[in-house]
Structure formats: C-alpha cells, structure tokens
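K.L.:
Just one file: query-v7.pdb, with PDB, C-alpha atoms.
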```
ATOM      1  CA  MET A 101     -19.405 -20.550   5.101
ATOM      2  CA  LYS A 102     -16.430 -18.289   4.701
ATOM      3  CA  PRO A 103     -17.357 -14.668   4.018
ATOM      4  CA  GLU A 104     -16.272 -13.109   0.754
ATOM      5  CA  PRO A 105     -12.977 -11.238   1.269
ATOM      6  CA  ASN A 106     -13.292  -7.519   0.713
ATOM      7  CA  ASP A 107      -9.980  -5.667   0.316
ATOM      8  CA  VAL A 108     -11.139  -2.236  -0.834
ATOM      9  CA  ILE A 109      -8.304  -0.387   0.921
ATOM     10  CA  LEU A 110      -5.621  -2.737  -0.377
ATOM     11  CA  HIS A 111      -6.922  -2.582  -3.940
ATOM     12  CA  THR A 112      -7.194   1.216  -3.975
ATOM     13  CA  VAL A 113      -3.792   1.810  -2.384
ATOM     14  CA  SER A 114      -2.005  -0.724  -4.576
ATOM     15  CA  LYS A 115      -3.550   0.650  -7.796
ATOM     16  CA  LEU A 116      -2.236   4.102  -6.886
ATOM     17  CA  THR A 117       1.131   2.861  -5.671
ATOM     18  CA  ALA A 118       1.755   0.698  -8.736
ATOM     19  CA  VAL A 119       1.600   3.797 -10.936
ATOM     20  CA  ILE A 120       4.114   5.559  -8.675
ATOM     21  CA  ILE A 121       6.419   2.512  -8.679
ATOM     22  CA  PHE A 122       6.352   2.178 -12.476
ATOM     23  CA  THR A 123       7.068   5.899 -12.907
ATOM     24  CA  PHE A 124       9.953   5.685 -10.459
ATOM     25  CA  SER A 125      11.341   2.628 -12.244
ATOM     26  CA  ILE A 126      11.310   4.454 -15.599
ATOM     27  CA  ASP A 127      13.080   7.386 -13.927
ATOM     28  CA  LEU A 128      15.710   5.051 -12.472
ATOM     29  CA  PHE A 129      16.148   3.418 -15.882
ATOM     30  CA  TRP A 130      16.789   6.685 -17.736
ATOM     31  CA  ALA A 131      18.971   8.094 -14.948
ATOM     32  CA  GLY A 132      21.350   5.185 -15.331
ATOM     33  CA  HIS A 133      23.732   6.761 -17.828
ATOM     34  CA  HIS A 134      25.086   9.534 -15.621
ATOM     35  CA  PHE A 135      23.559   8.994 -12.172
ATOM     36  CA  PRO A 136      22.793   6.015  -9.908
ATOM     37  CA  GLY A 137      20.340   3.710 -11.631
ATOM     38  CA  GLY A 138      20.354   1.663 -14.789
ATOM     39  CA  GLY A 139      18.754  -1.345 -16.370
ATOM     40  CA  PHE A 140      19.171  -3.758 -13.493
ATOM     41  CA  ILE A 141      17.649  -1.643 -10.748
ATOM     42  CA  GLY A 142      15.003  -0.261 -13.102
ATOM     43  CA  GLY A 143      13.975  -3.797 -13.972
ATOM     44  CA  LEU A 144      13.916  -4.830 -10.322
ATOM     45  CA  THR A 145      11.679  -1.888  -9.427
ATOM     46  CA  THR A 146       9.313  -2.735 -12.282
ATOM     47  CA  ALA A 147       9.251  -6.324 -11.049
ATOM     48  CA  ALA A 148       8.390  -5.032  -7.561
ATOM     49  CA  GLY A 149       5.438  -3.133  -9.019
ATOM     50  CA  ILE A 150       4.205  -6.184 -10.930
ATOM     51  CA  VAL A 151       4.592  -8.326  -7.797
ATOM     52  CA  LEU A 152       2.583  -5.750  -5.842
ATOM     53  CA  LEU A 153      -0.214  -6.102  -8.406
ATOM     54  CA  TYR A 154       0.012  -9.892  -8.149
ATOM     55  CA  LEU A 155      -0.163  -9.653  -4.339
ATOM     56  CA  SER A 156      -3.190  -7.419  -4.133
ATOM     57  CA  PHE A 157      -5.173  -9.104  -6.893
ATOM     58  CA  ASP A 158      -4.945 -12.713  -8.055
ATOM     59  CA  ILE A 159      -2.905 -14.393 -10.765
ATOM     60  CA  GLU A 160      -5.726 -14.921 -13.243
ATOM     61  CA  ARG A 161      -6.925 -11.337 -13.238
ATOM     62  CA  ILE A 162      -3.414  -9.994 -13.791
ATOM     63  CA  GLN A 163      -2.790 -12.558 -16.531
ATOM     64  CA  THR A 164      -5.930 -11.536 -18.402
ATOM     65  CA  ASN A 165      -5.215  -7.820 -18.080
ATOM     66  CA  LEU A 166      -1.439  -7.963 -18.579
ATOM     67  CA  PRO A 167      -0.940 -10.918 -20.941
ATOM     68  CA  ILE A 168       2.853 -11.171 -20.948
ATOM     69  CA  ASP A 169       4.778 -14.433 -20.986
ATOM     70  CA  TYR A 170       7.611 -13.548 -18.613
ATOM     71  CA  LYS A 171       9.835 -16.455 -19.638
ATOM     72  CA  LYS A 172       9.787 -15.243 -23.245
ATOM     73  CA  LEU A 173      10.390 -11.688 -21.972
ATOM     74  CA  ALA A 174      13.552 -12.812 -20.146
ATOM     75  CA  ALA A 175      14.801 -14.656 -23.228
ATOM     76  CA  LEU A 176      14.082 -11.610 -25.417
ATOM     77  CA  GLY A 177      16.051  -9.415 -23.006
ATOM     78  CA  VAL A 178      19.085 -11.684 -23.105
ATOM     79  CA  LEU A 179      18.843 -11.786 -26.930
ATOM     80  CA  ILE A 180      18.784  -7.961 -27.147
ATOM     81  CA  SER A 181      21.751  -7.628 -24.760
ATOM     82  CA  VAL A 182      23.899 -10.184 -26.564
ATOM     83  CA  SER A 183      23.077  -8.796 -30.003
ATOM     84  CA  THR A 184      24.019  -5.245 -28.968
ATOM     85  CA  GLY A 185      27.264  -6.730 -27.683
ATOM     86  CA  LEU A 186      27.852  -8.485 -30.998
ATOM     87  CA  ALA A 187      27.093  -5.288 -32.959
ATOM     88  CA  GLY A 188      30.354  -3.857 -31.654
ATOM     89  CA  MET A 189      32.223  -6.824 -33.125
ATOM     90  CA  ILE A 190      30.595  -6.311 -36.536
ATOM     91  CA  TYR A 191      32.099  -2.809 -36.732
ATOM     92  CA  GLY A 192      35.517  -4.180 -35.860
ATOM     93  CA  ASP A 193      35.720  -3.285 -32.168
ATOM     94  CA  ASN A 194      35.667  -5.416 -29.063
ATOM     95  CA  PHE A 195      32.684  -7.321 -27.706
ATOM     96  CA  LEU A 196      30.266  -4.981 -25.853
ATOM     97  CA  GLU A 197      31.945  -1.888 -27.329
ATOM     98  CA  GLN A 198      29.654   1.112 -26.838
ATOM     99  CA  THR A 199      29.425   4.329 -28.782
ATOM    100  CA  PHE A 200      27.500   7.564 -28.512
ATOM    101  CA  GLY A 201      26.780  10.647 -30.554
ATOM    102  CA  TYR A 202      25.071  14.025 -30.390
ATOM    103  CA  PHE A 203      21.914  14.571 -32.408
ATOM    104  CA  ASP A 204      19.488  17.444 -32.888
ATOM    105  CA  LEU A 205      16.071  16.217 -31.841
ATOM    106  CA  PRO A 206      13.024  18.431 -32.525
ATOM    107  CA  LEU A 207      11.764  18.804 -28.943
ATOM    108  CA  PHE A 208      14.869  18.216 -26.824
ATOM    109  CA  GLY A 209      17.477  20.147 -28.789
ATOM    110  CA  LYS A 210      20.988  18.779 -28.794
ATOM    111  CA  THR A 211      20.783  15.357 -27.165
ATOM    112  CA  GLU A 212      23.339  12.705 -26.402
ATOM    113  CA  LEU A 213      22.199   9.307 -27.673
ATOM    114  CA  ALA A 214      24.189   6.249 -26.602
ATOM    115  CA  THR A 215      23.948   2.633 -27.688
ATOM    116  CA  ALA A 216      24.400   1.642 -24.036
ATOM    117  CA  VAL A 217      20.675   2.227 -23.558
ATOM    118  CA  LEU A 218      19.882  -0.653 -25.936
ATOM    119  CA  PHE A 219      22.013  -2.949 -23.796
ATOM    120  CA  ASP A 220      20.246  -1.572 -20.707
ATOM    121  CA  ILE A 221      16.833  -2.290 -22.228
ATOM    122  CA  GLY A 222      17.893  -5.915 -22.677
ATOM    123  CA  VAL A 223      19.130  -6.131 -19.085
ATOM    124  CA  ALA A 224      15.888  -4.610 -17.777
ATOM    125  CA  LEU A 225      13.701  -7.038 -19.739
ATOM    126  CA  ALA A 226      15.789 -10.004 -18.574
ATOM    127  CA  VAL A 227      15.573  -8.908 -14.933
ATOM    128  CA  ILE A 228      11.802  -8.304 -15.096
ATOM    129  CA  GLY A 229      11.183 -11.687 -16.717
ATOM    130  CA  THR A 230      13.410 -13.623 -14.339
ATOM    131  CA  ALA A 231      12.145 -11.994 -11.131
ATOM    132  CA  VAL A 232       8.438 -12.280 -11.946
ATOM    133  CA  THR A 233       8.876 -15.872 -13.185
ATOM    134  CA  ILE A 234      10.670 -16.888  -9.980
ATOM    135  CA  ILE A 235       8.094 -15.286  -7.691
ATOM    136  CA  THR A 236       5.007 -16.608  -9.483
ATOM    137  CA  SER A 237       6.434 -20.129  -9.794
ATOM    138  CA  ILE A 238       7.336 -20.178  -6.084
ATOM    139  CA  SER A 239       3.846 -19.047  -5.133
ATOM    140  CA  GLU A 240       2.132 -21.651  -7.322
ATOM    141  CA  ASP A 241       4.014 -24.559  -5.830
ATOM    142  CA  GLY A 242       2.730 -26.967  -3.219
ATOM    143  CA  LEU A 243      -0.576 -25.356  -2.338
TER     144      LEU A 243
ATOM    145  CA  MET B   4      26.320  21.748  17.446
ATOM    146  CA  PHE B   5      23.952  20.678  14.670
ATOM    147  CA  GLU B   6      26.339  17.909  13.584
ATOM    148  CA  ILE B   7      26.467  16.579  17.136
ATOM    149  CA  LEU B   8      22.686  16.482  17.175
ATOM    150  CA  MET B   9      22.609  14.563  13.893
ATOM    151  CA  ILE B  10      25.178  12.031  15.103
ATOM    152  CA  LEU B  11      23.169  11.647  18.321
ATOM    153  CA  SER B  12      19.969  11.015  16.390
ATOM    154  CA  LEU B  13      21.747   8.441  14.216
ATOM    155  CA  ILE B  14      22.864   6.643  17.384
ATOM    156  CA  ILE B  15      19.320   6.717  18.749
ATOM    157  CA  LEU B  16      17.979   5.334  15.450
ATOM    158  CA  THR B  17      20.545   2.537  15.612
ATOM    159  CA  LEU B  18      19.379   1.685  19.120
ATOM    160  CA  ALA B  19      15.782   1.647  17.858
ATOM    161  CA  ILE B  20      16.736  -0.739  15.050
ATOM    162  CA  LEU B  21      18.515  -3.006  17.560
ATOM    163  CA  LEU B  22      15.408  -3.067  19.779
ATOM    164  CA  ASN B  23      13.333  -3.871  16.695
ATOM    165  CA  ILE B  24      15.667  -6.746  15.861
ATOM    166  CA  TYR B  25      15.126  -8.038  19.401
ATOM    167  CA  ARG B  26      11.376  -7.894  18.765
ATOM    168  CA  VAL B  27      11.791  -9.706  15.418
ATOM    169  CA  ILE B  28      13.698 -12.547  17.075
ATOM    170  CA  LYS B  29      11.767 -12.758  20.337
ATOM    171  CA  GLY B  30       8.300 -11.584  19.295
ATOM    172  CA  PRO B  31       5.510 -13.773  20.689
ATOM    173  CA  SER B  32       3.286 -13.682  17.611
ATOM    174  CA  SER B  33       4.101 -13.294  13.941
ATOM    175  CA  ALA B  34       2.130 -10.039  13.754
ATOM    176  CA  ASP B  35       4.697  -8.545  16.167
ATOM    177  CA  ARG B  36       7.492  -9.670  13.882
ATOM    178  CA  VAL B  37       5.873  -8.116  10.814
ATOM    179  CA  GLN B  38       5.335  -4.852  12.684
ATOM    180  CA  ALA B  39       8.955  -4.852  13.805
ATOM    181  CA  LEU B  40      10.231  -5.490  10.253
ATOM    182  CA  ASP B  41       8.137  -2.613   8.911
ATOM    183  CA  SER B  42       9.429  -0.405  11.700
ATOM    184  CA  ILE B  43      13.026  -1.370  10.820
ATOM    185  CA  GLY B  44      12.342  -0.150   7.278
ATOM    186  CA  ILE B  45      10.999   3.183   8.530
ATOM    187  CA  ASN B  46      13.975   3.623  10.851
ATOM    188  CA  LEU B  47      16.353   2.894   7.953
ATOM    189  CA  ILE B  48      14.622   5.562   5.853
ATOM    190  CA  ALA B  49      14.965   8.095   8.693
ATOM    191  CA  GLY B  50      18.622   7.178   9.159
ATOM    192  CA  ILE B  51      19.392   7.611   5.452
ATOM    193  CA  ALA B  52      17.630  10.999   5.451
ATOM    194  CA  ILE B  53      19.651  12.227   8.442
ATOM    195  CA  PHE B  54      22.838  10.832   6.943
ATOM    196  CA  SER B  55      22.285  12.660   3.664
ATOM    197  CA  VAL B  56      21.695  15.893   5.579
ATOM    198  CA  TYR B  57      24.914  15.220   7.486
ATOM    199  CA  LEU B  58      26.912  14.599   4.282
ATOM    200  CA  ASP B  59      25.150  17.510   2.509
ATOM    201  CA  THR B  60      24.318  15.429  -0.563
ATOM    202  CA  HIS B  61      21.199  14.329  -2.419
ATOM    203  CA  ALA B  62      22.619  11.126  -3.839
ATOM    204  CA  PHE B  63      20.646   8.917  -1.460
ATOM    205  CA  PHE B  64      17.124  10.217  -2.111
ATOM    206  CA  GLU B  65      16.319   7.516  -4.650
ATOM    207  CA  LEU B  66      17.478   4.970  -2.090
ATOM    208  CA  ILE B  67      14.903   6.329   0.373
ATOM    209  CA  LEU B  68      12.103   5.852  -2.158
ATOM    210  CA  LEU B  69      13.375   2.384  -3.061
ATOM    211  CA  ILE B  70      13.517   1.179   0.556
ATOM    212  CA  GLY B  71      10.034   2.585   1.097
ATOM    213  CA  ILE B  72       8.668   0.660  -1.909
ATOM    214  CA  LEU B  73      10.349  -2.627  -0.967
ATOM    215  CA  SER B  74       9.293  -2.344   2.684
ATOM    216  CA  PHE B  75       5.703  -1.661   1.579
ATOM    217  CA  VAL B  76       5.624  -4.684  -0.745
ATOM    218  CA  GLY B  77       7.188  -6.910   1.926
ATOM    219  CA  THR B  78       4.726  -5.820   4.593
ATOM    220  CA  ILE B  79       1.782  -6.448   2.250
ATOM    221  CA  ALA B  80       3.148  -9.906   1.426
ATOM    222  CA  PHE B  81       3.532 -10.825   5.109
ATOM    223  CA  ALA B  82       0.084  -9.463   5.966
ATOM    224  CA  ARG B  83      -1.431 -11.417   3.071
ATOM    225  CA  PHE B  84       0.303 -14.585   4.282
ATOM    226  CA  ILE B  85      -0.927 -14.162   7.857
ATOM    227  CA  GLU B  86      -4.464 -13.318   6.794
ATOM    228  CA  ARG B  87      -5.074 -15.877   4.024
ATOM    229  CA  GLY B  88      -2.237 -18.412   4.321
ATOM    230  CA  VAL B  89      -1.362 -17.810   0.644
ATOM    231  CA  VAL B  90       0.923 -15.098  -0.656
ATOM    232  CA  ILE B  91      -0.386 -14.905  -4.238
ATOM    233  CA  GLU B  92      -3.857 -16.260  -4.829
ATOM    234  CA  ARG B  93      -4.635 -18.356  -7.888
ATOM    235  CA  LYS B  94      -8.245 -17.256  -8.182
ATOM    236  CA  ARG B  95     -10.486 -15.389  -5.771
TER     237      ARG B  95
END
```
Have the structure of the file written as structure tokens, please.

P.N.:
Amino acid sequence: MKPEPNDVILHTVSKLTAVIIFTFSIDLFWAGHHFPGGGFIGGLTTAAGIVLLYLSFDIERIQTNLPIDYKKLAALGVLISVSTGLAGMIYGDNFLEQTFGYFDLPLFGKTELATAVLFDIGVALAVIGTAVTIITSISEDGL
Amino acid sequence: MFEILMILSLIILTLAILLNIYRVIKGPSSADRVQALDSIGINLIAGIAIFSVYLDTHAFFELILLIGILSFVGTIAFARFIERGVVIERKR
C-alpha cells in the first residue's frame, strides 16, 4: 500500500509565496502606466501564482476554494478590452483612443486617472483566463 | 577597477551558465537536469543584479523578482513530475 503523501513544507512555502506573487502582480499591474509592467505581465504573474497553488494542492480543492470559470474570465476580459476600444469611437475619436484627467481624490490628493487602466484590466483578465485554462487542460489530458 | 571586477564576474557567471547547460544536456539522471535548470535561474538573477549595478540603474529589479518566481514555479513543477509522475493532481 502506498503511503499517504505528506507535503507540509511545500504547502506552507507555497501558501506564503502565493501571497507574495499576487502582491507583486498587483504592483506590476499598477506600475504599467509609467514604468515597466502593465496588464499583460500582471496577468501572467497572477496566472503563475494560481498555477503554483494548483501545483502544490490538487485541482478539486482549488476549484472549491476559488470557484472561477477561467474560460468565462478570458471572454469577459476580451469583452472589456473591446468595449473600452469602442468607447473612443462613440465620442468621435479613433478606435482604442485613450484619455486621461486629473481629479481630487480624498486620500490621494490630485491624482491622474486614465481610461487606459480599463483596457489593461481587460487584458489582464484575458491573459489570466487563457493561461490557467491552457495549463489545467494540458494537465488533465491523457492520464 | 570596480568596473573591471564586475565585467570579470559577469564573464565567470556566463561560464557557470554554460557549464550548467552542459549538465542539462548531458546529465545522467533527470534530477541533475532539474538542479542545473534551477541553478541557471539563480545565475541569471546574479548576472542581472551585477549588470544593474554596472549600469547604475534600478530598472531591472522587477525582472529579478519575476525570474525568481518563474524559476521557483518551474522547479516545483519538475520536482512534482519526478516524484509523482503527474504535474497537477486531480484529487489527492
């Protein structure tokens, strides 16, 4: 009889590291307007964190604790990106025309808000959905 | 003087990566190959750190963290595959 696998070290380390990876991915996402980063790499880093959780635990436990349909997430991301692109056409500009403005927020003071971040949110969701769907469907196959 | 030392250490790191690539290709067992791939990641991180000191910039620090994360996930995936034969388990 095969002994029950006991990965205490892997579980503890990956729980800690997943938090660090998600924090870093959010940082990369918000840095994307002026510094290296953006929706694509932020989404890829988030996908790496989710894949790390999938690796250290099993599919069913992650699906019960994180019930997200990643195919629908990818489709939602593409929908958000295309509709922010079309919003520029509604106001009479080109497709994917971006705009920004300065607002007075209560805690941050004078802040620059850009509509490019909406497009970036769509890109990030599409990348997360596609990457996690590819990896889980590869791993399910043929075993 | 200090710049010469940094260039020299970059050359030595490149030689280490080449030796690791030899171990990846030649390596008798797959555990050797996984070790060598992880070591390539660590050498790349060290090389990027020295290079950003040499260029006097901090634009590459996020890259260091990113390579560390991806190397960690890759090593765990390979170790899981060697140990269990499955990368992602359906149910434990």

K.L.:
Provide as a list in words the residues of chain A at most 7 Å from chain B, counting all atoms listed in the file.

P.N.:
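That gives the following set of residues: Leu152, Tyr154, Leu155, Asp158, Ile159, Glu160 and Ser239 of chain A.
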
K.L.:
Pick from A:Thr112, A:Gln198, A:Thr145, A:Thr164: nearest to A:Leu128, with all atoms listed in the file counted?

P.N.:
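Between A:Thr112, A:Gln198, A:Thr145, A:Thr164, the residue approaching A:Leu128 most closely is A:Thr145.
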
K.L.:
Give as a ChimeraX atom specification the residues that the PyMOL selection byres ((chain B and resi 26) around 12) matches when applied to the coordinates above.

P.N.:
/B:19-25,27-43

K.L.:
Axis-aligned box over every listed atom of stretch 172-185 of chain A, padded by 4 Å per side: centre and edges in Å to one decimal, as lines of an AutoDock Vina configuration file?

P.N.:
```
center_x = 18.5
center_y = -10.2
center_z = -25.1
size_x = 25.5
size_y = 18.0
size_z = 17.9
```

K.L.:
Residues within 12 Å of A:Ile126, please, as a PDB file with C-alpha atoms, in the coordinates of the input. Count all atoms listed in the file; anything in the same chain fewer than 4 positions from it doesn't count.

P.N.:
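Final output, saved to around_18.pdb:
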```
ATOM      1  CA  VAL A 119       1.600   3.797 -10.936  1.00  0.00           C
ATOM      2  CA  ILE A 120       4.114   5.559  -8.675  1.00  0.00           C
ATOM      3  CA  ILE A 121       6.419   2.512  -8.679  1.00  0.00           C
ATOM      4  CA  PHE A 122       6.352   2.178 -12.476  1.00  0.00           C
ATOM      5  CA  TRP A 130      16.789   6.685 -17.736  1.00  0.00           C
ATOM      6  CA  ALA A 131      18.971   8.094 -14.948  1.00  0.00           C
ATOM      7  CA  GLY A 132      21.350   5.185 -15.331  1.00  0.00           C
ATOM      8  CA  GLY A 137      20.340   3.710 -11.631  1.00  0.00           C
ATOM      9  CA  GLY A 138      20.354   1.663 -14.789  1.00  0.00           C
ATOM     10  CA  GLY A 139      18.754  -1.345 -16.370  1.00  0.00           C
ATOM     11  CA  PHE A 140      19.171  -3.758 -13.493  1.00  0.00           C
ATOM     12  CA  ILE A 141      17.649  -1.643 -10.748  1.00  0.00           C
ATOM     13  CA  GLY A 142      15.003  -0.261 -13.102  1.00  0.00           C
ATOM     14  CA  GLY A 143      13.975  -3.797 -13.972  1.00  0.00           C
ATOM     15  CA  LEU A 144      13.916  -4.830 -10.322  1.00  0.00           C
ATOM     16  CA  THR A 145      11.679  -1.888  -9.427  1.00  0.00           C
ATOM     17  CA  THR A 146       9.313  -2.735 -12.282  1.00  0.00           C
ATOM     18  CA  ALA A 147       9.251  -6.324 -11.049  1.00  0.00           C
ATOM     19  CA  GLY A 149       5.438  -3.133  -9.019  1.00  0.00           C
ATOM     20  CA  ASP A 220      20.246  -1.572 -20.707  1.00  0.00           C
ATOM     21  CA  ILE A 221      16.833  -2.290 -22.228  1.00  0.00           C
ATOM     22  CA  ALA A 224      15.888  -4.610 -17.777  1.00  0.00           C
TER      23      ALA A 224
END
```

K.L.:
Find, counting all atoms listed in the file, the residue in A:Ser237, A:Phe157, A:His134, A:Gly185 that gets nearest to A:Leu110.

P.N.:
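For A:Leu110, the nearest of the candidates is A:Phe157.
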
K.L.:
Please return as a PyMOL selection string every residue within 12 Å of (9.6, -15.9, -23.9), taking into account all atoms listed in the file and the file's own coordinates.

P.N.:
chain A and resi 168-179+225-226+228-230+233
